[in-house]
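**Q** Structure supplied as coords.txt; contents: compact mmCIF, C-alpha atoms.
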```txt
# COMPACT_ATOMS: atom_id res chain seq x y z
CA MET A 8 -8.90 -16.05 15.43
CA LEU A 9 -11.27 -13.22 14.68
CA PHE A 10 -11.43 -11.56 11.26
CA PHE A 11 -12.95 -8.25 10.25
CA PRO A 12 -16.09 -9.32 8.34
CA GLN A 13 -16.74 -8.95 4.65
CA LEU A 14 -19.95 -7.28 3.52
CA SER A 15 -22.52 -9.21 1.51
CA THR A 16 -20.90 -7.89 -1.67
CA GLY A 17 -17.66 -9.61 -0.70
CA ALA A 18 -15.89 -6.31 -0.09
CA ILE A 19 -14.19 -5.34 3.15
CA ALA A 20 -14.86 -1.63 2.73
CA GLN A 21 -16.66 0.95 0.62
CA TYR A 22 -15.44 4.19 -0.95
CA PRO A 23 -14.29 6.53 0.47
CA ILE A 24 -11.51 4.75 2.35
CA LYS A 25 -8.98 6.70 4.37
CA LYS A 26 -5.66 5.18 5.32
CA ARG A 27 -2.69 6.54 7.25
CA ARG A 28 0.81 5.17 7.40
CA ILE A 29 2.60 6.36 10.52
CA THR A 30 6.32 6.28 11.12
CA ARG A 31 8.28 7.93 13.88
CA SER A 32 11.58 9.73 13.51
CA ILE A 33 13.52 11.54 16.19
CA VAL A 34 14.83 14.71 14.60
CA ASN A 35 17.40 16.97 16.24
CA ALA A 36 17.13 20.24 14.33
CA CYS A 37 20.29 22.33 14.43
CA LEU A 38 20.47 26.10 14.26
CA ASP A 39 21.95 26.13 10.77
CA GLY A 40 19.03 24.10 9.41
CA SER A 41 20.77 20.76 9.30
CA ALA A 42 19.25 17.81 11.17
CA ILE A 43 20.33 14.63 12.89
CA LYS A 44 17.73 11.90 12.49
CA VAL A 45 17.11 8.49 14.04
CA ALA A 46 14.27 6.21 13.00
CA ASP A 47 12.08 4.66 15.69
CA VAL A 48 10.78 1.53 14.02
CA GLY A 49 8.66 0.59 17.01
CA GLY A 50 6.55 3.68 16.54
CA SER A 51 5.16 2.72 13.16
CA ALA A 52 1.48 1.90 12.63
CA THR A 53 -1.23 1.88 9.99
CA GLU A 54 -4.73 3.30 10.46
CA TRP A 55 -7.88 3.02 8.40
CA GLN A 56 -11.19 4.86 8.51
CA LEU A 57 -13.99 2.78 7.01
CA GLN A 58 -17.26 4.55 6.34
CA LEU A 59 -19.94 1.91 5.78
CA THR A 60 -23.31 2.98 4.41
CA ASP A 61 -26.44 1.24 3.13
CA LEU A 62 -25.77 -1.81 5.27
CA ASP A 63 -28.63 -4.25 5.40
CA ASP A 64 -29.78 -5.90 8.63
CA ALA A 65 -27.57 -8.94 8.16
CA GLU A 66 -24.46 -6.88 7.49
CA LEU A 67 -25.17 -4.67 10.48
CA GLN A 68 -25.65 -7.69 12.67
CA ALA A 69 -22.29 -9.06 11.53
CA ILE A 70 -20.57 -5.76 12.35
CA GLN A 71 -22.28 -5.57 15.73
CA GLN A 72 -21.38 -9.15 16.55
CA PHE A 73 -17.78 -8.52 15.53
CA PHE A 74 -17.67 -5.39 17.72
CA SER A 75 -19.03 -7.39 20.65
CA ASP A 76 -16.57 -10.23 20.13
CA ILE A 77 -13.68 -7.74 19.98
CA GLU A 78 -15.08 -5.70 22.90
CA GLY A 79 -14.14 -2.38 21.38
CA ARG A 80 -10.45 -1.58 21.75
CA LEU A 81 -9.76 -4.58 23.97
CA ASN A 82 -8.88 -7.46 21.67
CA THR A 83 -7.01 -7.91 18.42
CA PHE A 84 -8.24 -9.33 15.15
CA THR A 85 -6.90 -9.97 11.68
CA PHE A 86 -7.63 -7.20 9.21
CA LEU A 87 -7.28 -7.65 5.46
CA ASP A 88 -6.32 -4.30 3.97
CA PRO A 89 -8.82 -3.54 1.18
CA THR A 90 -6.27 -1.27 -0.54
CA ASP A 91 -3.39 -3.73 -0.63
CA ASN A 92 -2.16 -7.02 -2.04
CA LEU A 93 -2.36 -9.92 0.43
CA PHE A 94 0.73 -11.65 -1.00
CA THR A 95 4.20 -10.84 0.27
CA TRP A 96 7.15 -10.70 -2.16
CA SER A 97 4.76 -10.52 -5.10
CA GLU A 98 7.61 -10.08 -7.62
CA THR A 99 10.33 -12.15 -5.98
CA LEU A 100 9.26 -15.73 -6.48
CA GLU A 101 12.68 -16.98 -5.29
CA LYS A 102 11.77 -16.08 -1.71
CA ASN A 103 10.94 -18.89 0.72
CA VAL A 104 7.35 -17.69 1.18
CA TRP A 105 6.79 -19.12 -2.27
CA GLN A 106 6.67 -22.91 -1.92
CA LYS A 107 7.93 -24.63 -5.04
CA ASN A 108 9.59 -27.79 -6.23
CA ALA A 109 13.31 -27.56 -7.05
CA LEU A 110 12.56 -28.72 -10.61
CA LEU A 111 10.56 -25.56 -11.22
CA ARG A 112 13.04 -23.20 -12.84
CA LEU A 113 12.61 -19.47 -12.19
CA GLU A 114 14.17 -16.66 -14.20
CA SER A 115 13.57 -13.09 -13.03
CA GLY A 116 14.20 -9.83 -14.86
CA VAL A 117 11.87 -10.67 -17.76
CA ALA A 118 10.04 -7.91 -19.64
CA ASP A 119 6.62 -7.28 -18.11
CA PRO A 120 3.42 -5.70 -19.52
CA HIS A 121 4.12 -2.40 -17.71
CA GLY A 122 7.30 -1.71 -19.67
CA SER A 123 9.77 -2.72 -16.97
CA THR A 124 11.54 -6.03 -16.34
CA ARG A 125 9.82 -7.31 -13.24
CA ALA A 126 8.22 -10.43 -14.70
CA THR A 127 9.38 -13.98 -13.96
CA ARG A 128 9.67 -16.89 -16.35
CA ILE A 129 8.61 -20.19 -14.77
CA ALA A 130 9.57 -23.43 -16.48
CA ASN A 131 8.48 -26.89 -15.39
CA THR A 132 11.40 -29.15 -16.24
CA ALA A 133 9.86 -32.22 -14.59
CA ALA A 134 7.74 -34.99 -16.09
CA SER A 135 4.72 -34.16 -13.94
CA GLU A 136 2.67 -31.17 -12.87
CA LEU A 137 4.40 -28.79 -10.48
CA SER A 138 3.11 -25.85 -8.47
CA ILE A 139 4.35 -22.64 -6.97
CA GLN A 140 2.18 -21.28 -4.17
CA GLN A 141 2.08 -19.05 -1.13
CA ASP A 142 0.17 -19.67 2.09
CA VAL A 143 -1.77 -16.59 3.13
CA ASN A 144 -3.16 -16.47 6.68
CA VAL A 145 -6.69 -15.49 5.71
CA PRO A 146 -10.10 -17.12 6.27
CA ALA A 147 -10.95 -19.56 3.50
CA TRP A 148 -14.68 -18.71 3.66
CA PHE A 149 -14.06 -15.11 2.50
CA ARG A 150 -14.36 -14.11 -1.13
CA TYR A 151 -11.04 -13.44 -2.90
CA CYS A 152 -9.81 -12.43 -6.31
CA PHE A 153 -6.49 -13.98 -7.29
CA SER A 154 -5.10 -12.23 -10.36
CA VAL A 155 -1.89 -12.51 -12.37
CA TYR A 156 -0.61 -11.32 -15.74
CA ALA A 157 0.55 -14.30 -17.79
CA ARG A 158 1.76 -15.22 -21.24
CA SER A 159 3.36 -18.18 -22.97
CA GLU A 160 5.42 -18.14 -26.17
CA THR A 161 4.43 -21.77 -26.79
CA ARG A 162 0.72 -21.17 -26.02
CA GLY A 163 0.90 -23.28 -22.87
CA SER A 164 -1.64 -23.31 -20.10
CA VAL A 165 -1.58 -22.55 -16.41
CA THR A 166 -3.92 -23.47 -13.57
CA GLN A 167 -4.67 -20.97 -10.83
CA THR A 168 -5.27 -22.69 -7.52
CA ARG A 169 -6.97 -21.58 -4.35
CA ALA A 170 -6.63 -24.32 -1.73
CA THR A 171 -8.34 -27.29 -3.39
CA ASP A 172 -10.16 -25.25 -6.06
CA SER A 173 -8.66 -24.42 -9.39
CA ILE A 174 -9.27 -22.92 -12.83
CA LEU A 175 -7.39 -23.60 -16.05
CA HIS A 176 -6.33 -20.84 -18.44
CA GLU A 177 -4.99 -21.20 -21.96
CA LEU A 178 -2.28 -18.64 -22.57
CA THR A 179 -1.15 -16.78 -25.68
CA PRO A 180 2.09 -14.94 -26.47
CA GLU A 181 0.33 -11.69 -25.54
CA TRP A 182 0.12 -10.62 -21.92
CA ARG A 183 -3.30 -11.24 -20.41
CA ARG A 184 -4.54 -10.77 -16.88
CA ILE A 185 -6.15 -13.97 -15.64
CA LEU A 186 -8.46 -14.03 -12.63
CA PHE A 187 -9.71 -16.60 -10.18
CA SER A 188 -12.49 -15.16 -8.03
CA GLY A 189 -14.69 -16.92 -5.53
CA GLN A 190 -14.93 -18.37 -2.07
CA SER A 191 -14.95 -21.79 -0.49
CA THR A 192 -16.96 -23.36 2.32
CA SER A 193 -13.85 -24.44 4.22
CA ASN A 194 -13.29 -23.17 7.75
CA GLN A 195 -9.50 -23.09 7.40
CA GLU A 196 -7.67 -19.92 8.42
CA THR A 197 -4.89 -20.32 5.89
CA VAL A 198 -5.33 -20.44 2.13
CA ALA A 199 -2.72 -21.48 -0.42
CA PHE A 200 -2.91 -19.46 -3.64
CA GLY A 201 -0.73 -20.64 -6.49
CA LEU A 202 -0.05 -21.59 -10.06
CA ARG A 203 0.23 -25.13 -11.42
CA LEU A 204 2.10 -25.93 -14.61
CA SER A 205 1.90 -29.13 -16.58
CA ALA A 206 5.09 -30.99 -17.51
CA GLY A 207 7.39 -29.19 -19.94
CA THR A 208 5.46 -25.91 -19.80
CA SER A 209 7.15 -22.52 -19.69
CA ILE A 210 5.21 -19.36 -18.92
CA GLU A 211 5.94 -15.78 -17.92
CA VAL A 212 4.08 -14.19 -15.02
CA PHE A 213 3.85 -10.77 -13.44
CA GLY A 214 1.73 -9.01 -10.87
CA LEU A 215 0.56 -11.85 -8.65
CA GLN A 216 -2.10 -10.39 -6.40
CA VAL A 217 -4.76 -11.57 -3.99
CA GLU A 218 -7.43 -9.17 -2.77
CA PRO A 219 -10.28 -9.67 -0.28
CA GLN A 220 -12.99 -8.72 -2.80
CA PRO A 221 -14.68 -10.29 -5.82
CA GLY A 222 -12.96 -8.22 -8.52
CA ALA A 223 -9.37 -7.32 -9.34
CA SER A 224 -8.08 -3.80 -8.87
CA GLU A 225 -4.81 -2.43 -10.16
CA TYR A 226 -1.73 -4.39 -9.26
CA LYS A 227 0.18 -3.32 -6.15
CA ALA A 228 3.70 -4.70 -5.65
CA THR A 229 4.61 -6.02 -2.22
CA PHE A 230 7.86 -6.91 -0.55
CA SER A 231 8.45 -8.16 2.96
CA THR A 232 4.95 -7.19 4.11
CA GLY A 233 1.56 -7.59 2.51
CA GLY A 234 -1.98 -6.58 3.32
CA VAL A 235 -2.65 -9.03 6.15
CA TYR A 236 -2.53 -7.42 9.59
CA PRO A 237 -2.87 -10.08 12.34
CA PHE A 238 -2.72 -7.63 15.25
CA ALA A 239 -5.25 -5.02 14.28
CA ARG A 240 -7.48 -3.30 16.81
CA LEU A 241 -10.46 -1.01 16.72
CA ASN A 242 -9.56 2.51 17.77
CA ASP A 243 -12.92 3.18 19.44
CA ASP A 244 -14.78 1.71 22.39
CA THR A 245 -18.02 3.03 20.92
CA LEU A 246 -19.86 1.83 17.82
CA ALA A 247 -22.39 4.40 16.62
CA ILE A 248 -25.01 3.15 14.17
CA THR A 249 -27.35 5.35 12.20
CA SER A 250 -30.38 3.82 10.54
CA HIS A 251 -31.62 5.87 7.60
CA ALA A 252 -34.49 3.60 6.61
CA LEU A 253 -35.67 0.05 6.85
CA ASN A 254 -32.70 -2.20 6.13
CA ARG A 255 -30.37 0.79 5.55
CA HIS A 256 -27.80 1.46 8.20
CA ALA A 257 -24.47 3.27 8.43
CA CYS A 258 -21.48 3.32 10.75
CA THR A 259 -17.83 4.37 10.74
CA LEU A 260 -15.01 2.25 12.08
CA HIS A 261 -11.47 3.24 12.92
CA ILE A 262 -8.87 0.50 12.80
CA VAL A 263 -5.23 0.63 13.82
CA ALA A 264 -2.59 -2.02 13.30
CA ARG A 265 1.03 -2.54 14.17
CA ARG A 266 3.12 -5.36 12.78
CA THR A 267 3.56 -6.89 16.23
CA ASN A 268 1.19 -7.19 19.15
CA MET B 4 19.97 7.27 -4.70
CA PRO B 5 16.19 6.93 -4.64
CA THR B 6 14.18 9.36 -6.71
CA PHE B 7 10.78 10.82 -5.90
CA PRO B 8 8.27 8.77 -7.90
CA LYS B 9 6.55 10.14 -10.97
CA LEU B 10 2.91 9.72 -11.83
CA LYS B 11 1.81 7.90 -14.98
CA THR B 12 1.79 11.26 -16.74
CA SER B 13 5.53 11.58 -15.87
CA ALA B 14 4.73 14.55 -13.65
CA VAL B 15 5.80 14.71 -10.01
CA ALA B 16 3.16 17.23 -8.98
CA GLN B 17 -0.23 18.61 -9.92
CA TYR B 18 -1.78 22.04 -9.59
CA PRO B 19 -2.08 23.58 -7.07
CA ALA B 20 1.55 23.04 -6.04
CA THR B 21 3.38 25.06 -3.44
CA LYS B 22 7.07 25.86 -3.13
CA THR B 23 8.74 27.89 -0.37
CA LEU B 24 12.21 29.36 -0.04
CA ALA B 25 13.33 30.09 3.50
CA TYR B 26 16.39 31.82 4.86
CA ALA B 27 17.27 31.67 8.53
CA ASN B 28 18.32 35.07 9.78
CA GLN B 29 18.49 36.43 13.27
CA VAL B 30 17.45 40.05 13.73
CA LEU B 31 18.26 41.73 17.02
CA LYS B 32 16.42 44.97 17.63
CA PHE B 33 17.75 47.48 20.08
CA LEU B 34 15.90 50.07 22.04
CA GLY B 35 17.35 52.85 19.97
CA GLY B 36 15.88 51.37 16.81
CA ASP B 37 19.17 49.91 15.59
CA GLU B 38 19.18 46.40 14.32
CA GLN B 39 21.83 43.78 14.10
CA ARG B 40 21.35 40.98 11.58
CA TYR B 41 23.27 37.85 10.88
CA ARG B 42 22.81 34.65 8.97
CA GLU B 43 22.11 31.32 10.61
CA SER B 44 22.33 29.40 7.36
CA ARG B 45 24.34 29.74 4.18
CA ALA B 46 21.53 29.69 1.66
CA ALA B 47 17.78 29.34 1.36
CA LEU B 48 16.16 26.03 2.17
CA ARG B 49 13.50 24.82 -0.18
CA ARG B 50 10.24 23.09 0.68
CA TRP B 51 7.58 21.76 -1.62
CA VAL B 52 3.97 20.73 -1.00
CA VAL B 53 2.89 18.13 -3.54
CA ARG B 54 -0.88 17.72 -3.59
CA LEU B 55 -2.05 14.84 -5.74
CA ASP B 56 -5.59 13.99 -6.78
CA LEU B 57 -7.30 11.58 -9.17
CA LEU B 58 -4.65 8.94 -8.61
CA ASP B 59 -5.35 5.33 -9.37
CA HIS B 60 -4.58 2.47 -6.99
CA ALA B 61 -1.20 1.75 -8.53
CA GLU B 62 0.00 5.36 -8.31
CA LEU B 63 -1.16 5.63 -4.70
CA ALA B 64 0.48 2.32 -3.84
CA ALA B 65 3.76 3.50 -5.38
CA LEU B 66 3.70 6.68 -3.29
CA GLU B 67 2.82 4.70 -0.18
CA LEU B 68 5.70 2.32 -0.84
CA PHE B 69 8.05 5.26 -1.37
CA PHE B 70 7.00 6.70 2.00
CA LEU B 71 7.61 3.36 3.72
CA MET B 72 11.00 2.90 2.06
CA GLN B 73 11.94 6.41 3.18
CA GLN B 74 10.64 5.65 6.71
CA GLY B 75 8.97 9.00 6.85
CA ARG B 76 11.40 11.82 7.59
CA MET B 77 14.33 9.47 7.92
CA GLY B 78 15.50 8.83 4.39
CA THR B 79 16.88 11.01 1.61
CA PHE B 80 16.16 11.10 -2.10
CA LEU B 81 16.65 13.09 -5.26
CA PHE B 82 13.83 15.50 -6.07
CA VAL B 83 13.37 17.31 -9.38
CA ASP B 84 11.81 20.71 -8.88
CA PRO B 85 8.70 20.72 -11.13
CA TRP B 86 9.03 24.47 -11.66
CA ASP B 87 12.45 24.53 -13.28
CA GLN B 88 13.60 20.86 -13.46
CA THR B 89 16.52 21.55 -11.12
CA GLN B 90 17.69 18.39 -9.40
CA TYR B 91 18.07 18.53 -5.62
CA PRO B 92 19.98 15.39 -4.62
CA ASP B 93 19.51 15.62 -0.87
CA CYS B 94 15.85 15.97 0.05
CA SER B 95 13.66 14.28 2.65
CA LEU B 96 10.00 13.93 3.32
CA ASP B 97 8.91 16.41 5.96
CA GLN B 98 6.28 14.14 7.51
CA ASP B 99 6.11 10.95 9.52
CA ILE B 100 2.48 10.38 8.60
CA PHE B 101 1.28 9.52 5.10
CA GLU B 102 -2.44 9.93 4.53
CA LEU B 103 -4.32 8.75 1.51
CA GLU B 104 -7.98 8.81 0.61
CA LEU B 105 -9.63 6.60 -1.99
CA ARG B 106 -12.94 8.07 -3.11
CA GLY B 107 -13.30 5.80 -6.11
CA GLU B 108 -11.40 3.64 -8.56
CA THR B 109 -9.22 6.43 -9.99
CA GLN B 110 -9.97 9.00 -7.32
CA GLY B 111 -7.13 8.65 -4.90
CA ARG B 112 -5.83 11.68 -3.09
CA THR B 113 -2.77 12.39 -0.97
CA GLU B 114 -0.32 15.13 -0.05
CA LEU B 115 3.44 14.98 0.44
CA LEU B 116 5.74 17.52 2.07
CA ILE B 117 9.31 17.61 0.82
CA ARG B 118 12.24 19.60 2.22
CA GLU B 119 15.73 20.15 1.02
CA ASN B 120 18.28 19.02 3.57
CA ARG B 121 20.96 21.28 4.86
CA LYS B 122 24.40 19.69 5.33
```
Using structure tokens, write down the structure that the file contains.

**A**
Amino acid sequence: MLFFPQLSTGAIAQYPIKKRRITRSIVNACLDGSAIKVADVGGSATEWQLQLTDLDDAELQAIQQFFSDIEGRLNTFTFLDPTDNLFTWSETLEKNVWQKNALLRLESGVADPHGSTRATRIANTAASELSIQQDVNVPAWFRYCFSVYARSETRGSVTQTRATDSILHELTPEWRRILFSGQSTSNQETVAFGLRLSAGTSIEVFGLQVEPQPGASEYKATFSTGGVYPFARLNDDTLAITSHALNRHACTLHIVARRTN
Amino acid sequence: MPTFPKLKTSAVAQYPATKTLAYANQVLKFLGGDEQRYRESRAALRRWVVRLDLLDHAELAALELFFLMQQGRMGTFLFVDPWDQTQYPDCSLDQDIFELELRGETQGRTELLIRENRK
């Protein structure tokens, strides 16, 4: 599978980023101003315009190679939306996308740091460590930032995991955003991001988010879809590159994605 | 009933904001200069243009999610007129395309078109 490359900074895109969400509705407008509407779900798509500047030779070569592998508009690739959260169901940990042991007790509707009640209390009632994790179909060799708001009344700890890597955090009763940023050398095309709790620990979590970049941006809630687009295409057969100086290049890419091929 | 999302400032719109009131009348003009006029709708239809700038990622994501939940022009929601706080319970987005631009961390920009529905 082909993936849109990350830059040397670990980012997928630079500012400014333009994004369009496209839906299609059939509207029958009546003379009196009322309307009869039908949604055409098959007509929906998402488009991005990525303006890349100050690319060095290596980054440009990666973009050019990617463009050649994709052959312009011909083939599909997986695109990781730089403006979105790669998890699905980021606030509904009861969903099946979240793999968990039955002895891990979940309680939703808990007060969260944003003033609402969208946090989840996770309690490990077993005598051993237990995990809750989600498989995300992304390249393991990319750089990611896995972030989550967490707290623990009993000052417990939680381990953030990314495939076989992990980092331990000590929690306090105050909400704190914990991060796990980095990349691995694995060539797997699926990465499991999760939380591991030691026996008898109870914590509260909110805002689970994975982004294809080194740092964490503001939390974006997701539901049935996240920021992974497996059937993205370039919207141009031409790649125009402008070199402004030695080792300084620029290009603009237009990407379009539908949820199915 | 869904409600049009508010920004972190609790506002639904920023300046410059545009509102239109539109009647639908037919005017028939005759050769002699006479005119015949009649209504095609009971009352004026309202439309709003909400231009938003300097949004952060979370605010933009909330608006994007609202657009997706509405499925563009398909859905209906309650909209509170920012001019006079009047609630209009049956409004729809007047666009099937939602565009956003992120120029920096808290420099998101987008525009939404809202229309009052006629029953």

**Q** Give me the residues near Ser164 (chain A) as an NGL selection string, where near means some atom within 12 Å (using only C-alpha atoms) and where sequence neighbours in that chain fewer than 3 positions away do not count.

**A** :A and (129-131 or 136 or 157-161 or 167 or 174-180 or 185 or 202-212)

**Q** Do a neighbour search on Ile70 (chain A) at 10 Å with all atoms listed in the file, toss out local chain neighbours closer than 6 positions, and write the hits as a VMD selection string.

**A** chain A and resid 11 to 14 62 64 76 246 258 260

**Q** Any chance you could export the current selection's C-alpha atoms as a PDB file, in the coordinates of the input?

**A**
```
ATOM      1  CA  PHE A  11     -12.950  -8.250  10.250  1.00  0.00           C
ATOM      2  CA  PRO A  12     -16.090  -9.320   8.340  1.00  0.00           C
ATOM      3  CA  GLN A  13     -16.740  -8.950   4.650  1.00  0.00           C
ATOM      4  CA  LEU A  14     -19.950  -7.280   3.520  1.00  0.00           C
ATOM      5  CA  LEU A  62     -25.770  -1.810   5.270  1.00  0.00           C
ATOM      6  CA  ASP A  64     -29.780  -5.900   8.630  1.00  0.00           C
ATOM      7  CA  ASP A  76     -16.570 -10.230  20.130  1.00  0.00           C
ATOM      8  CA  LEU A 246     -19.860   1.830  17.820  1.00  0.00           C
ATOM      9  CA  CYS A 258     -21.480   3.320  10.750  1.00  0.00           C
ATOM     10  CA  LEU A 260     -15.010   2.250  12.080  1.00  0.00           C
TER      11      LEU A 260
END
```

**Q** How close does chain B get to chain A? List, as a tab-separated table, each residue of chain B within 8 Å, its nearest atom pair and the distance in Å to one decimal, counting only C-alpha atoms.

**A**
```
residue	atom	partner	partner_atom	distance
B:Ala27	CA	A:Asp39	CA	7.6
B:Glu43	CA	A:Asp39	CA	5.2
B:Ser44	CA	A:Asp39	CA	4.7
B:Arg45	CA	A:Asp39	CA	7.9
B:Asp59	CA	A:Glu225	CA	7.8
B:His60	CA	A:Glu225	CA	5.8
B:Ala61	CA	A:Glu225	CA	5.8
B:Ala64	CA	A:Lys227	CA	6.1
B:Ala65	CA	A:Lys227	CA	7.7
B:Glu67	CA	A:Arg28	CA	7.9
B:Leu71	CA	A:Arg28	CA	7.9
B:Gln74	CA	A:Thr30	CA	6.2
B:Gly75	CA	A:Thr30	CA	5.7
B:Arg76	CA	A:Ser32	CA	6.3
B:Met77	CA	A:Ala46	CA	6.0
B:Asp99	CA	A:Thr30	CA	4.9
B:Ile100	CA	A:Ile29	CA	4.5
B:Phe101	CA	A:Arg28	CA	4.9
B:Glu102	CA	A:Arg27	CA	4.4
B:Leu103	CA	A:Lys26	CA	5.4
B:Glu104	CA	A:Lys25	CA	4.4
B:Leu105	CA	A:Ile24	CA	5.1
B:Arg106	CA	A:Pro23	CA	4.1
B:Gly107	CA	A:Tyr22	CA	5.8
B:Asn120	CA	A:Ser41	CA	6.5
B:Arg121	CA	A:Ser41	CA	4.5
B:Lys122	CA	A:Ser41	CA	5.5
```

**Q** Do you have the CA of Met8 (chain A)-CA of Asn194 (chain A) distance handy?

**A**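 Pair CA of Met8 (chain A) / CA of Asn194 (chain A) returns 11.4 Å.
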
**Q** Might you pull out every residue within 7 Å of region 138-150 of chain A, with all atoms listed in the file counted and same-chain residues fewer than 3 positions away left off, and present them as a PDB file with C-alpha atoms, in the frame of the given file?

**A**
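Dumped everything to part_28.pdb:
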```
ATOM      1  CA  GLY A  17     -17.660  -9.610  -0.700  1.00  0.00           C
ATOM      2  CA  PHE A  94       0.730 -11.650  -1.000  1.00  0.00           C
ATOM      3  CA  VAL A 104       7.350 -17.690   1.180  1.00  0.00           C
ATOM      4  CA  TRP A 105       6.790 -19.120  -2.270  1.00  0.00           C
ATOM      5  CA  GLN A 106       6.670 -22.910  -1.920  1.00  0.00           C
ATOM      6  CA  LYS A 107       7.930 -24.630  -5.040  1.00  0.00           C
ATOM      7  CA  GLY A 189     -14.690 -16.920  -5.530  1.00  0.00           C
ATOM      8  CA  GLN A 190     -14.930 -18.370  -2.070  1.00  0.00           C
ATOM      9  CA  SER A 191     -14.950 -21.790  -0.490  1.00  0.00           C
ATOM     10  CA  THR A 192     -16.960 -23.360   2.320  1.00  0.00           C
ATOM     11  CA  SER A 193     -13.850 -24.440   4.220  1.00  0.00           C
ATOM     12  CA  ASN A 194     -13.290 -23.170   7.750  1.00  0.00           C
ATOM     13  CA  GLN A 195      -9.500 -23.090   7.400  1.00  0.00           C
ATOM     14  CA  GLU A 196      -7.670 -19.920   8.420  1.00  0.00           C
ATOM     15  CA  THR A 197      -4.890 -20.320   5.890  1.00  0.00           C
ATOM     16  CA  VAL A 198      -5.330 -20.440   2.130  1.00  0.00           C
ATOM     17  CA  ALA A 199      -2.720 -21.480  -0.420  1.00  0.00           C
ATOM     18  CA  PHE A 200      -2.910 -19.460  -3.640  1.00  0.00           C
ATOM     19  CA  GLY A 201      -0.730 -20.640  -6.490  1.00  0.00           C
ATOM     20  CA  LEU A 202      -0.050 -21.590 -10.060  1.00  0.00           C
ATOM     21  CA  ARG A 203       0.230 -25.130 -11.420  1.00  0.00           C
ATOM     22  CA  LEU A 204       2.100 -25.930 -14.610  1.00  0.00           C
ATOM     23  CA  PRO A 219     -10.280  -9.670  -0.280  1.00  0.00           C
ATOM     24  CA  GLN A 220     -12.990  -8.720  -2.800  1.00  0.00           C
ATOM     25  CA  PRO A 221     -14.680 -10.290  -5.820  1.00  0.00           C
TER      26      PRO A 221
END
```

**Q** Excluding same-chain residues fewer than 4 positions from Glu98 (chain A), what lies within 9 Å of it counting all atoms listed in the file, as a list in words?

**A**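 Once the nearby chain positions are removed, what remains is Ser115, Arg125, Ala126, Thr127, Phe213, Gly214, Leu215, Ala228, Thr229 and Phe230 of chain A.
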
**Q** At what distance in Å, to one decimal, does CA of Arg128 (chain A) lie from CA of Thr99 (chain A)?

**A**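 If I compute the distance from CA of Thr99 (chain A) to CA of Arg128 (chain A), I get 11.4 Å.
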
**Q** Please report the interatomic distance between CA of Pro237 (chain A) and CA of Thr259 (chain A) in Å with one decimal.

**A**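 CA of Thr259 (chain A) lies at a distance of 20.9 Å from CA of Pro237 (chain A).
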
**Q** Select, counting all atoms listed in the file, all protein, DNA and RNA residues no farther than 10 Å from (-0.4, 15.8, -5.4) in file coordinates, and express the selection as a PyMOL selection string.

**A** chain B and resi 10+14-20+52-58+111-116
